[in-house]
Amino acid sequence: MADSDANTIVSLNNIGKHFGKVKALDNVSIDIKEGEIFALLGPSGCGKSTLLRIISGFENPTEGELLLDGKDMTRTAPNKRPVNMVFQSYAVFPHMSVADNVGYGLKMDKLLVDEITTRVDTALAQVHLDQFKHRMPDQLSGGQKQRVALARALVKQPRVLLLDEPLSALDAKLRDAMRLELVKLQETVGVTFIIVTHDQSEALAMADRVAVLEAGKLRQVDTPTALYNHPVDAFVADFIGKVHTFDVQHIERQDNHVRVTSDELGELTLPLNKLPERISTGAQVNASSVLAFRPEALKVNLANEPTASTASTETNQANEIQLPGFLGDIAFQGQHSIVEITRGDKPSVSAIVDHSSLSALQTQPIGTPIVARCALSDLMLLPAQ
Amino acid sequence: MKANTKKPFEYSRKWSLRLVFLTTMVFLYAPIIVLVVFSFNNSRRGGNVIWKGFTTKYYGKAFANEELMLAFANSMTIAVTSTIISVFLGAMTAIFLWRFRFPFKPLAEGLVSLPIIIPEICMGVSLAMFFSSLDLWTSGDTPWPFNLSNIILAHITFSFPFAAMVIRTRLQNFNREMEEAAKDLGASEYRVFRDILLPHMRPGLIAAALLTFTLSLDDFVITFFTSGPNTVTFPVKIYSMVRFSITPEINAASTILIVLTLLLTFAALRYQRITDISNDG
Amino acid sequence: MSLENYRQQPAVFAAFAAPTLIWLLLFFIAPLGIIWLYSFGENVSLVDIETTWTLDNYARIFQPEVLVLLWRSLWIAGISTLVCLVIAYPVALVIATAHPDKKPWLLLLIMLPFWTNLLIRTYALLNILGTRGRLNDVLGWLWETTNTLLTKFGLGEFQLIGESFTPLKFLGTPGGVIFGIVYVSLPFAILPIYSSLERLDKSYLEASLDLGAGQWRTFYHVLLPLTAAGVVTAGIITFIPALGQFLTPDLLGRGQVDMIANVIERQFKRANDWPFGSALSLFLLYITFVLLAVRSFYDARKAHRS
Ligand SMILES: Nc1ncnc2c1ncn2[C@@H]1O[C@H](COP(=O)(O)OP(=O)(O)O)[C@@H](O)[C@H]1O
Ligand SMILES: [Mg+2]
């Protein structure tokens with residue numbers, strides 16, 4: 001695991017990349033620390049692979065510089081960099097046996113045959129492929145091919161291992177097992193992993209830190225918990241987990257809080273220190289923003305149940321907001337259930353509810369009036385874009 | 001696109017269409033079968049008219065015919081040499097067309113496929129004039145096999161574009177990540193070519209070799225124009241025999257070539273699916 | 001992955017491209033250039049030709065004898081192509097709709113004779129098409145059978161199909177030459193039609209059959225228009241070699257059904273009139289180019305429409 005004061009191993013400074021008129025990357029700066037699992041996350045086409053290929057040397061950036069271990073390697077050839085890559089298609093050489101595939105990089109380094117053999121054996125043991133040494137790639141499953149690709153890259157003892165969508169070609173069950181295994185493998189070998197993925201659950205589950213990219217721009221770099229709890233904008237909030245958003249009409253900054261006016265939620269006062277930088281510093285005040293909360297922040301009660309206030313007012317001046325509505329579908333999820341709250345012609349919202357609160361709702365027919373409440377402290381004020 | 005297997009069109013089940021197909025097959029194969037059968041006909045003259053009993057003596061006669069055997073040796077030498085050079089040249093062509101983006105690329109592609117398209121007689125005549133006007137005609141006393149060089153040059157010219165086509169088809173499904181993976185592991189451009197690209201191309205190279213070999217053996221028109229009186233190939237020799245008189249010996253010689261072609265075709269099938277060939281048509 | 005720009009690796013690009021381009025320049029373009037020069041030349045002695053930029057050789061193409069020859073070549077090639085297309089379409093249809101496992105084998109059946117030497121295939125026909133050849137045997141047998149049947153039905157005395165069977169003459173007639181050209185070029189016609197049928201979105205046909213159109217109407221109004229491009233390609237790909245056929249008219253035509261290539265050959269091998277032979281060869285080449293241009297125009301228009 002990475003500790004916070006570890007050395008920076010990869011330093012991307014103001015990287016930009018154009019493909020003709022397409023701007024694949026725009027002024028991206030990231031520092032990646034030694035020994036961490038770092039994820040590059042974003043929707044398809046946002047430039048993740050391009051960034052990875054710049055680190056591996058298969059693309060040259062149009063602007064900016066790349067430091068590996070403090071040395072400028074922006075234009076160093078791919079075969080001269082201390083990084084190795086696991087390709088999206090695995091790119092296992094079809095005409096070489098598993099052992100020859102894994103030993104290929106060592107052969108290129110002109111190591112002695114004996115040393116190649118021992119290192120190949122160790123690497124294959126690490127990925128549990130010792131039994132498959134003499135197999136040809138067409139006799140392997142997809143998951144096994146991926147292990148070959150992993151061993152082939154790790155055997156070179158790179159400073160950084162790059163993985164492009166490593167789990168996307170596997171079936172769902174294998175994918176979950178492989179997530180765990182990759183994390184364990186990284187702990188054993190201690191090499192820095194940079195993983196590209198478009199699947200937020202994958203990034204959150206595996207990475208120590210995650211960079212969220214959108215349309216070639218870096219949105220946020222943070223730990224999974226920080227990304228989830230303190231997204232810098234509505235895009236990140238929506239991309240990392242589910243979120244309900246409400247348009248904001250007016251923001252007014254005061255000494256240590258902001259006053260927010262929303263057609264739906266009324267007038268609210270939020271403390272400054274909990275807001276993203278762009279809002280708390282005032283950079284965003286006049287631009288469009290949204291109020292947002294996650295489904296698990298909602299608490300659901302029957303409308304006639306006695307609560308702190310009556311359902312007639314939407315906003316409680318004290319410390320919570322209330323959304324009146326009607327009971328919709330309930331989806332059982334095991335540990336918890338997802339309750340849909342329909343609100344007439346307004347978009348419905350969903351709440352994540354545990355077993356104890358569920359029992360009261362379960363006996364009610366669909367359409368029963370209910371109230372959903374969200375604590376002000378769980379409410380996020382975010383720049384819309 | 002793959003055919004819809006669940007709901008095949010009834011056309012192939014219609015007996016009328018099946019009859020057309022069957023008749024076509026008879027039309028295509030009957031003449032060749034008759035030719036082969038009559039190579040065993042025990043008749044001296046006009047051997048293709050009346051069946052007079054079984055014999056293999058015309059094969060003996062064909063093999064004893066020195067001119068015919070020299071022509072056969074010539075054909076083989078030409079085919080082997082032109083195949084080697086055609087595959088080499090075709091591979092280079094395929095690689096640069098597959099790999100690079102460059103100005104006037106459509107022009108280059110058109111130029112490469114032109115020898116496939118233009119009428120054989122134009123190519124034969126122009127090559128004949130080219131050799132004669134440059135005094136490149138191999139004279140009667142050039143030692144064997146150098147007296148075949150004109151024909152070999154001609155054969156390479158019409159067959160390497162076919163080789164390039166086959167090899168390029170193979171290259172088209174090369175995964176460029178393989179190349180990047182090798183570079184990533186420390187391979188130089190040359191090592192990538194030797195260790196990764198060449199092994200991938202191999203089935204294409206073999207298929208191309210078999211194709212160009214067959215093309216070279218089969219050619220009559222271009223060889224007819226570029227051959228001299230002393231450099232006769234098997235088909236050209238058979239042609240002059242046919243013009244002289246028709247004997248079962250010609251059938252026997254033809255059968256030898258048919259069998260050779262059949263063997264080559266089946267060898268080619270091991271390396272290339274027939275559907276690939278049909279897509280090039 | 002995208003193509004590399006040649007400027008990134010100019011040396012590698014040059015190393016791979018140069019041999020091909022030099023070869024084509026030397027052994028393809030230069031030879032064509034030479035007959036192009038010859039076509040504007042005159043014989044000054046038995047073997048010397050001087051390029052005088054005369055247009056006489058081209059003018060001779062439009063003399064009546066040559067025009068007759070051109071016209072004959074065109075209609076023989078044209079009819080052969082038509083016959084090929086008429087046979088090729090149903091054959092291609094059978095292959096394209098056959099079970100997927102059978103398809104490669106059916107295709108192989110079509111291709112196999114095509115790999116056999118052209119001369120040998122033509123020679124094989126020579127054995128078949130003679131007055132006492134196998135085709136006349138078959139026709140004679142058909143006549144006998146029909147005659148016997150007619151007699152059985154009491155129609156014997158009317159001699160509806162002639163008094164006796166007279167063997168048909170194929171060798172030395174246009175019919176024989178057309179038979180030969182169809183025989184050697186059929187695969188050229190089948191393969192493009194087959195691949196256009198393969199590429200067809202089969203749901204159109206299902207829709208048509210579904211809407212109650214019969215198989216024949218579906219064929220006429222849906223299948224044929226949708227595969228028209230394949231038929232055009234097949235036609236051109238068959239017509240070009242057919243027009244330049246040398247062996248078939250030479251062996252099966254017996255010097256009585258000459259086509260362009262035979263006359264070209266005579267200029268070089270016997271008449272020794274290279275300038276005229278060159279002009280005729282180039283004329284054949286120009287016809288080829290026109291046909292290819294027609295095809296790409298057709299393709300472009302089709303692409304433009306969709
Ligand atoms: N070699 C290339 N040439 C042109 N455009 C490219 C190339 N590689 C990537 N792009 C473009 O750059 C953008 C980012 O691509 P990529 O990094 O592959 O996205 P991701 O991996 O996040 O899905 C896309 O719009 C893509 O079309
Ligand atoms: Mg990608």
# chains A, B, ... in the order shown; residues from 1 in each chain; ligands from 1

$ closest_atom_pairs --of "chain A" --to "ligand 2" --cutoff "12 Å" --atoms "only C-alpha atoms and all ligand atoms" --output "JSON lines"
{"residue": "A:Ala24", "atom": "CA", "partner": "ligand 2", "partner_atom_place_in_ligand_line": "1 (Mg)", "distance": 11.5}
{"residue": "A:Leu40", "atom": "CA", "partner": "ligand 2", "partner_atom_place_in_ligand_line": "1 (Mg)", "distance": 10.4}
{"residue": "A:Leu41", "atom": "CA", "partner": "ligand 2", "partner_atom_place_in_ligand_line": "1 (Mg)", "distance": 10.3}
{"residue": "A:Gly42", "atom": "CA", "partner": "ligand 2", "partner_atom_place_in_ligand_line": "1 (Mg)", "distance": 9.7}
{"residue": "A:Pro43", "atom": "CA", "partner": "ligand 2", "partner_atom_place_in_ligand_line": "1 (Mg)", "distance": 9.3}
{"residue": "A:Ser44", "atom": "CA", "partner": "ligand 2", "partner_atom_place_in_ligand_line": "1 (Mg)", "distance": 6.6}
{"residue": "A:Gly45", "atom": "CA", "partner": "ligand 2", "partner_atom_place_in_ligand_line": "1 (Mg)", "distance": 6.7}
{"residue": "A:Cys46", "atom": "CA", "partner": "ligand 2", "partner_atom_place_in_ligand_line": "1 (Mg)", "distance": 8.3}
{"residue": "A:Gly47", "atom": "CA", "partner": "ligand 2", "partner_atom_place_in_ligand_line": "1 (Mg)", "distance": 7.2}
{"residue": "A:Lys48", "atom": "CA", "partner": "ligand 2", "partner_atom_place_in_ligand_line": "1 (Mg)", "distance": 6.0}
{"residue": "A:Ser49", "atom": "CA", "partner": "ligand 2", "partner_atom_place_in_ligand_line": "1 (Mg)", "distance": 4.3}
{"residue": "A:Thr50", "atom": "CA", "partner": "ligand 2", "partner_atom_place_in_ligand_line": "1 (Mg)", "distance": 7.4}
{"residue": "A:Leu51", "atom": "CA", "partner": "ligand 2", "partner_atom_place_in_ligand_line": "1 (Mg)", "distance": 9.5}
{"residue": "A:Leu52", "atom": "CA", "partner": "ligand 2", "partner_atom_place_in_ligand_line": "1 (Mg)", "distance": 9.0}
{"residue": "A:Arg53", "atom": "CA", "partner": "ligand 2", "partner_atom_place_in_ligand_line": "1 (Mg)", "distance": 9.8}
{"residue": "A:Phe87", "atom": "CA", "partner": "ligand 2", "partner_atom_place_in_ligand_line": "1 (Mg)", "distance": 10.1}
{"residue": "A:Gln88", "atom": "CA", "partner": "ligand 2", "partner_atom_place_in_ligand_line": "1 (Mg)", "distance": 8.0}
{"residue": "A:Ser89", "atom": "CA", "partner": "ligand 2", "partner_atom_place_in_ligand_line": "1 (Mg)", "distance": 11.0}
{"residue": "A:Leu163", "atom": "CA", "partner": "ligand 2", "partner_atom_place_in_ligand_line": "1 (Mg)", "distance": 10.5}
{"residue": "A:Asp164", "atom": "CA", "partner": "ligand 2", "partner_atom_place_in_ligand_line": "1 (Mg)", "distance": 6.8}
{"residue": "A:Glu165", "atom": "CA", "partner": "ligand 2", "partner_atom_place_in_ligand_line": "1 (Mg)", "distance": 7.0}
{"residue": "A:Pro166", "atom": "CA", "partner": "ligand 2", "partner_atom_place_in_ligand_line": "1 (Mg)", "distance": 10.5}
{"residue": "A:Ser168", "atom": "CA", "partner": "ligand 2", "partner_atom_place_in_ligand_line": "1 (Mg)", "distance": 10.4}
{"residue": "A:Ile195", "atom": "CA", "partner": "ligand 2", "partner_atom_place_in_ligand_line": "1 (Mg)", "distance": 11.0}
{"residue": "A:Val196", "atom": "CA", "partner": "ligand 2", "partner_atom_place_in_ligand_line": "1 (Mg)", "distance": 7.5}
{"residue": "A:Thr197", "atom": "CA", "partner": "ligand 2", "partner_atom_place_in_ligand_line": "1 (Mg)", "distance": 7.9}
{"residue": "A:His198", "atom": "CA", "partner": "ligand 2", "partner_atom_place_in_ligand_line": "1 (Mg)", "distance": 8.4}
{"residue": "A:Asp199", "atom": "CA", "partner": "ligand 2", "partner_atom_place_in_ligand_line": "1 (Mg)", "distance": 11.8}

$ write_last_selection --atoms "C-alpha atoms" --output "mmCIF file, in the first residue's frame"
data_model
loop_
_atom_site.group_PDB
_atom_site.id
_atom_site.type_symbol
_atom_site.label_atom_id
_atom_site.label_comp_id
_atom_site.auth_asym_id
_atom_site.auth_seq_id
_atom_site.Cartn_x
_atom_site.Cartn_y
_atom_site.Cartn_z
ATOM 1 C CA ALA A 24 -7.616 13.698 -26.833
ATOM 2 C CA LEU A 40 -7.409 6.263 -14.635
ATOM 3 C CA LEU A 41 -11.194 6.380 -14.749
ATOM 4 C CA GLY A 42 -13.568 7.938 -17.247
ATOM 5 C CA PRO A 43 -16.177 7.208 -19.901
ATOM 6 C CA SER A 44 -15.130 5.614 -23.182
ATOM 7 C CA GLY A 45 -13.193 7.972 -25.460
ATOM 8 C CA CYS A 46 -12.113 10.346 -22.695
ATOM 9 C CA GLY A 47 -8.401 9.771 -23.356
ATOM 10 C CA LYS A 48 -7.439 7.200 -20.714
ATOM 11 C CA SER A 49 -5.724 4.844 -23.119
ATOM 12 C CA THR A 50 -3.964 7.747 -24.785
ATOM 13 C CA LEU A 51 -2.551 8.837 -21.429
ATOM 14 C CA LEU A 52 -1.380 5.297 -20.713
ATOM 15 C CA ARG A 53 0.219 5.071 -24.152
ATOM 16 C CA PHE A 87 -2.491 -4.833 -23.290
ATOM 17 C CA GLN A 88 -6.242 -4.775 -23.596
ATOM 18 C CA SER A 89 -6.186 -7.744 -26.004
ATOM 19 C CA LEU A 163 -2.801 -2.154 -17.414
ATOM 20 C CA ASP A 164 -5.311 -1.099 -20.078
ATOM 21 C CA GLU A 165 -8.845 -2.233 -19.186
ATOM 22 C CA PRO A 166 -7.419 -5.444 -17.693
ATOM 23 C CA SER A 168 -13.030 -5.840 -19.542
ATOM 24 C CA ILE A 195 -4.900 0.752 -14.278
ATOM 25 C CA VAL A 196 -7.166 2.161 -16.969
ATOM 26 C CA THR A 197 -10.856 1.435 -16.556
ATOM 27 C CA HIS A 198 -14.262 2.820 -17.457
ATOM 28 C CA ASP A 199 -15.910 0.888 -14.631
#

$ select_by_dssp --residues "segment 171-280 of chain C" --states "alpha helix (DSSP H)" --output "PyMOL selection string"
chain C and resi 174-199+203-210+215-218+224-226+228-243+247-252+260-269+274-280

$ select_by_dssp --residues "segment 20-192 of chain B" --states "strand (DSSP E or B)" --output "list in words"
Asn41, Phe54, Phe100 and Arg101 of chain B

$ write_last_selection --atoms "all heavy atoms" --output "compact mmCIF listing (two decimals), in the first residue's frame"
# COMPACT_ATOMS: atom_id res chain seq x y z
N ASN B 41 -6.21 -44.48 -73.61
CA ASN B 41 -6.82 -45.15 -74.76
C ASN B 41 -5.74 -45.76 -75.66
O ASN B 41 -4.79 -45.09 -76.04
CB ASN B 41 -7.66 -44.14 -75.55
CG ASN B 41 -8.47 -44.81 -76.65
OD1 ASN B 41 -8.59 -46.04 -76.65
ND2 ASN B 41 -8.99 -44.02 -77.56
N PHE B 54 -7.49 -50.36 -72.79
CA PHE B 54 -6.71 -49.63 -71.80
C PHE B 54 -5.20 -49.82 -72.01
O PHE B 54 -4.73 -50.91 -72.29
CB PHE B 54 -7.09 -50.14 -70.40
CG PHE B 54 -6.36 -49.46 -69.30
CD1 PHE B 54 -6.83 -48.27 -68.76
CD2 PHE B 54 -5.18 -50.01 -68.80
CE1 PHE B 54 -6.14 -47.65 -67.74
CE2 PHE B 54 -4.48 -49.37 -67.77
CZ PHE B 54 -4.96 -48.19 -67.24
N PHE B 100 1.80 1.68 -44.31
CA PHE B 100 2.04 3.12 -44.38
C PHE B 100 0.91 3.90 -45.03
O PHE B 100 0.18 3.40 -45.88
CB PHE B 100 3.32 3.40 -45.17
CG PHE B 100 4.56 2.94 -44.45
CD1 PHE B 100 5.19 1.77 -44.83
CD2 PHE B 100 5.07 3.66 -43.40
CE1 PHE B 100 6.32 1.33 -44.17
CE2 PHE B 100 6.20 3.25 -42.73
CZ PHE B 100 6.84 2.08 -43.12
N ARG B 101 0.82 5.13 -44.61
CA ARG B 101 -0.04 6.12 -45.23
C ARG B 101 0.91 7.02 -46.01
O ARG B 101 1.90 7.48 -45.47
CB ARG B 101 -0.73 6.90 -44.12
CG ARG B 101 -1.80 7.82 -44.51
CD ARG B 101 -2.76 8.09 -43.32
NE ARG B 101 -2.14 7.97 -41.99
CZ ARG B 101 -1.60 9.01 -41.32
NH1 ARG B 101 -1.61 10.21 -41.83
NH2 ARG B 101 -1.08 8.82 -40.13

$ residues_around --residues "Ser188 of chain B" --least-positions-apart "3" --cutoff "10 Å" --atoms "only C-alpha atoms" --output "PyMOL selection string"
(chain A and resi 77-80+108) or (chain B and resi 182-185+191-194)

$ residues_around --residues "Asn251 of chain B" --least-positions-apart "2" --cutoff "9 Å" --atoms "only C-alpha atoms" --output "ChimeraX atom specification"
/B:35-40,47-48,58-59,246-249,253-256 /C:120,123-124

$ closest_residue --among "C:Trp75, C:Phe165, C:Tyr38, C:Tyr58" --to "chain B" --atoms "only C-alpha atoms"
C:Tyr38

$ residues_around --residues "Ala88 of chain C" --least-positions-apart "2" --cutoff "7 Å" --atoms "only C-alpha atoms" --output "PyMOL selection string"
chain C and resi 84-86+90-92+186+189-190

$ write_last_selection --atoms "all heavy atoms" --output "PDB file, in the first residue's frame"
ATOM      1  N   CYS C  84     -22.493 -16.694 -69.584  1.00  0.00           N
ATOM      2  CA  CYS C  84     -21.848 -16.926 -68.287  1.00  0.00           C
ATOM      3  C   CYS C  84     -22.715 -16.409 -67.155  1.00  0.00           C
ATOM      4  O   CYS C  84     -22.915 -17.094 -66.146  1.00  0.00           O
ATOM      5  CB  CYS C  84     -20.499 -16.211 -68.225  1.00  0.00           C
ATOM      6  SG  CYS C  84     -19.170 -17.165 -68.930  1.00  0.00           S
ATOM      7  N   LEU C  85     -23.239 -15.175 -67.308  1.00  0.00           N
ATOM      8  CA  LEU C  85     -24.023 -14.574 -66.228  1.00  0.00           C
ATOM      9  C   LEU C  85     -25.297 -15.376 -65.984  1.00  0.00           C
ATOM     10  O   LEU C  85     -25.688 -15.614 -64.840  1.00  0.00           O
ATOM     11  CB  LEU C  85     -24.368 -13.120 -66.555  1.00  0.00           C
ATOM     12  CG  LEU C  85     -23.189 -12.143 -66.585  1.00  0.00           C
ATOM     13  CD1 LEU C  85     -23.653 -10.748 -66.945  1.00  0.00           C
ATOM     14  CD2 LEU C  85     -22.462 -12.137 -65.243  1.00  0.00           C
ATOM     15  N   VAL C  86     -25.934 -15.802 -67.078  1.00  0.00           N
ATOM     16  CA  VAL C  86     -27.187 -16.539 -66.934  1.00  0.00           C
ATOM     17  C   VAL C  86     -26.951 -17.859 -66.203  1.00  0.00           C
ATOM     18  O   VAL C  86     -27.760 -18.278 -65.372  1.00  0.00           O
ATOM     19  CB  VAL C  86     -27.826 -16.779 -68.323  1.00  0.00           C
ATOM     20  CG1 VAL C  86     -28.959 -17.783 -68.232  1.00  0.00           C
ATOM     21  CG2 VAL C  86     -28.326 -15.468 -68.897  1.00  0.00           C
ATOM     22  N   PRO C  90     -27.778 -18.556 -61.071  1.00  0.00           N
ATOM     23  CA  PRO C  90     -28.365 -19.655 -60.271  1.00  0.00           C
ATOM     24  C   PRO C  90     -27.317 -20.485 -59.533  1.00  0.00           C
ATOM     25  O   PRO C  90     -27.571 -20.909 -58.410  1.00  0.00           O
ATOM     26  CB  PRO C  90     -29.106 -20.508 -61.311  1.00  0.00           C
ATOM     27  CG  PRO C  90     -28.688 -20.015 -62.632  1.00  0.00           C
ATOM     28  CD  PRO C  90     -28.175 -18.629 -62.477  1.00  0.00           C
ATOM     29  N   VAL C  91     -26.163 -20.682 -60.168  1.00  0.00           N
ATOM     30  CA  VAL C  91     -25.127 -21.473 -59.502  1.00  0.00           C
ATOM     31  C   VAL C  91     -24.676 -20.759 -58.220  1.00  0.00           C
ATOM     32  O   VAL C  91     -24.586 -21.359 -57.150  1.00  0.00           O
ATOM     33  CB  VAL C  91     -23.932 -21.724 -60.451  1.00  0.00           C
ATOM     34  CG1 VAL C  91     -22.763 -22.332 -59.692  1.00  0.00           C
ATOM     35  CG2 VAL C  91     -24.347 -22.629 -61.589  1.00  0.00           C
ATOM     36  N   ALA C  92     -24.432 -19.442 -58.340  1.00  0.00           N
ATOM     37  CA  ALA C  92     -24.015 -18.662 -57.172  1.00  0.00           C
ATOM     38  C   ALA C  92     -25.103 -18.686 -56.107  1.00  0.00           C
ATOM     39  O   ALA C  92     -24.827 -18.763 -54.913  1.00  0.00           O
ATOM     40  CB  ALA C  92     -23.702 -17.228 -57.585  1.00  0.00           C
ATOM     41  N   LEU C 186     -16.290 -19.203 -66.745  1.00  0.00           N
ATOM     42  CA  LEU C 186     -17.431 -19.296 -65.828  1.00  0.00           C
ATOM     43  C   LEU C 186     -17.095 -18.936 -64.369  1.00  0.00           C
ATOM     44  O   LEU C 186     -17.845 -18.188 -63.738  1.00  0.00           O
ATOM     45  CB  LEU C 186     -18.050 -20.697 -65.921  1.00  0.00           C
ATOM     46  CG  LEU C 186     -19.480 -20.811 -65.405  1.00  0.00           C
ATOM     47  CD1 LEU C 186     -20.388 -19.798 -66.078  1.00  0.00           C
ATOM     48  CD2 LEU C 186     -20.003 -22.220 -65.638  1.00  0.00           C
ATOM     49  N   ALA C 189     -17.320 -15.356 -63.444  1.00  0.00           N
ATOM     50  CA  ALA C 189     -18.672 -14.802 -63.331  1.00  0.00           C
ATOM     51  C   ALA C 189     -19.329 -15.229 -62.025  1.00  0.00           C
ATOM     52  O   ALA C 189     -20.071 -14.465 -61.412  1.00  0.00           O
ATOM     53  CB  ALA C 189     -19.511 -15.241 -64.524  1.00  0.00           C
ATOM     54  N   ILE C 190     -19.038 -16.452 -61.597  1.00  0.00           N
ATOM     55  CA  ILE C 190     -19.738 -16.970 -60.411  1.00  0.00           C
ATOM     56  C   ILE C 190     -19.276 -16.267 -59.135  1.00  0.00           C
ATOM     57  O   ILE C 190     -20.094 -15.857 -58.310  1.00  0.00           O
ATOM     58  CB  ILE C 190     -19.523 -18.494 -60.279  1.00  0.00           C
ATOM     59  CG1 ILE C 190     -20.180 -19.214 -61.463  1.00  0.00           C
ATOM     60  CG2 ILE C 190     -20.096 -19.009 -58.964  1.00  0.00           C
ATOM     61  CD1 ILE C 190     -19.943 -20.699 -61.501  1.00  0.00           C
TER      62      ILE C 190
END

$ residues_around --residues "segment 155-163 of chain B" --least-positions-apart "2" --cutoff "6 Å" --atoms "only C-alpha atoms" --output "ChimeraX atom specification"
/B:82,86-87,90,112,115,152-153,165-166,208,212

$ atom_distance --atom1 "atom CA of His355 of chain A" --atom2 "atom CA of Asn304 of chain A"
20.4 Å

$ residues_around --residues "Leu171 of chain B" --least-positions-apart "5" --cutoff "8 Å" --atoms "only C-alpha atoms" --output "PyMOL selection string"
chain B and resi 94-95+98+200-201

$ closest_residue --among "B:Pro143, B:Arg44, B:Arg176, B:Trp51" --to "ligand 1" --atoms "only C-alpha atoms and all ligand atoms"
B:Arg176

$ closest_residue --among "A:Gly142, A:His95, A:Glu36, A:Ala215" --to "ligand 1" --atoms "only C-alpha atoms and all ligand atoms"
A:Ala215
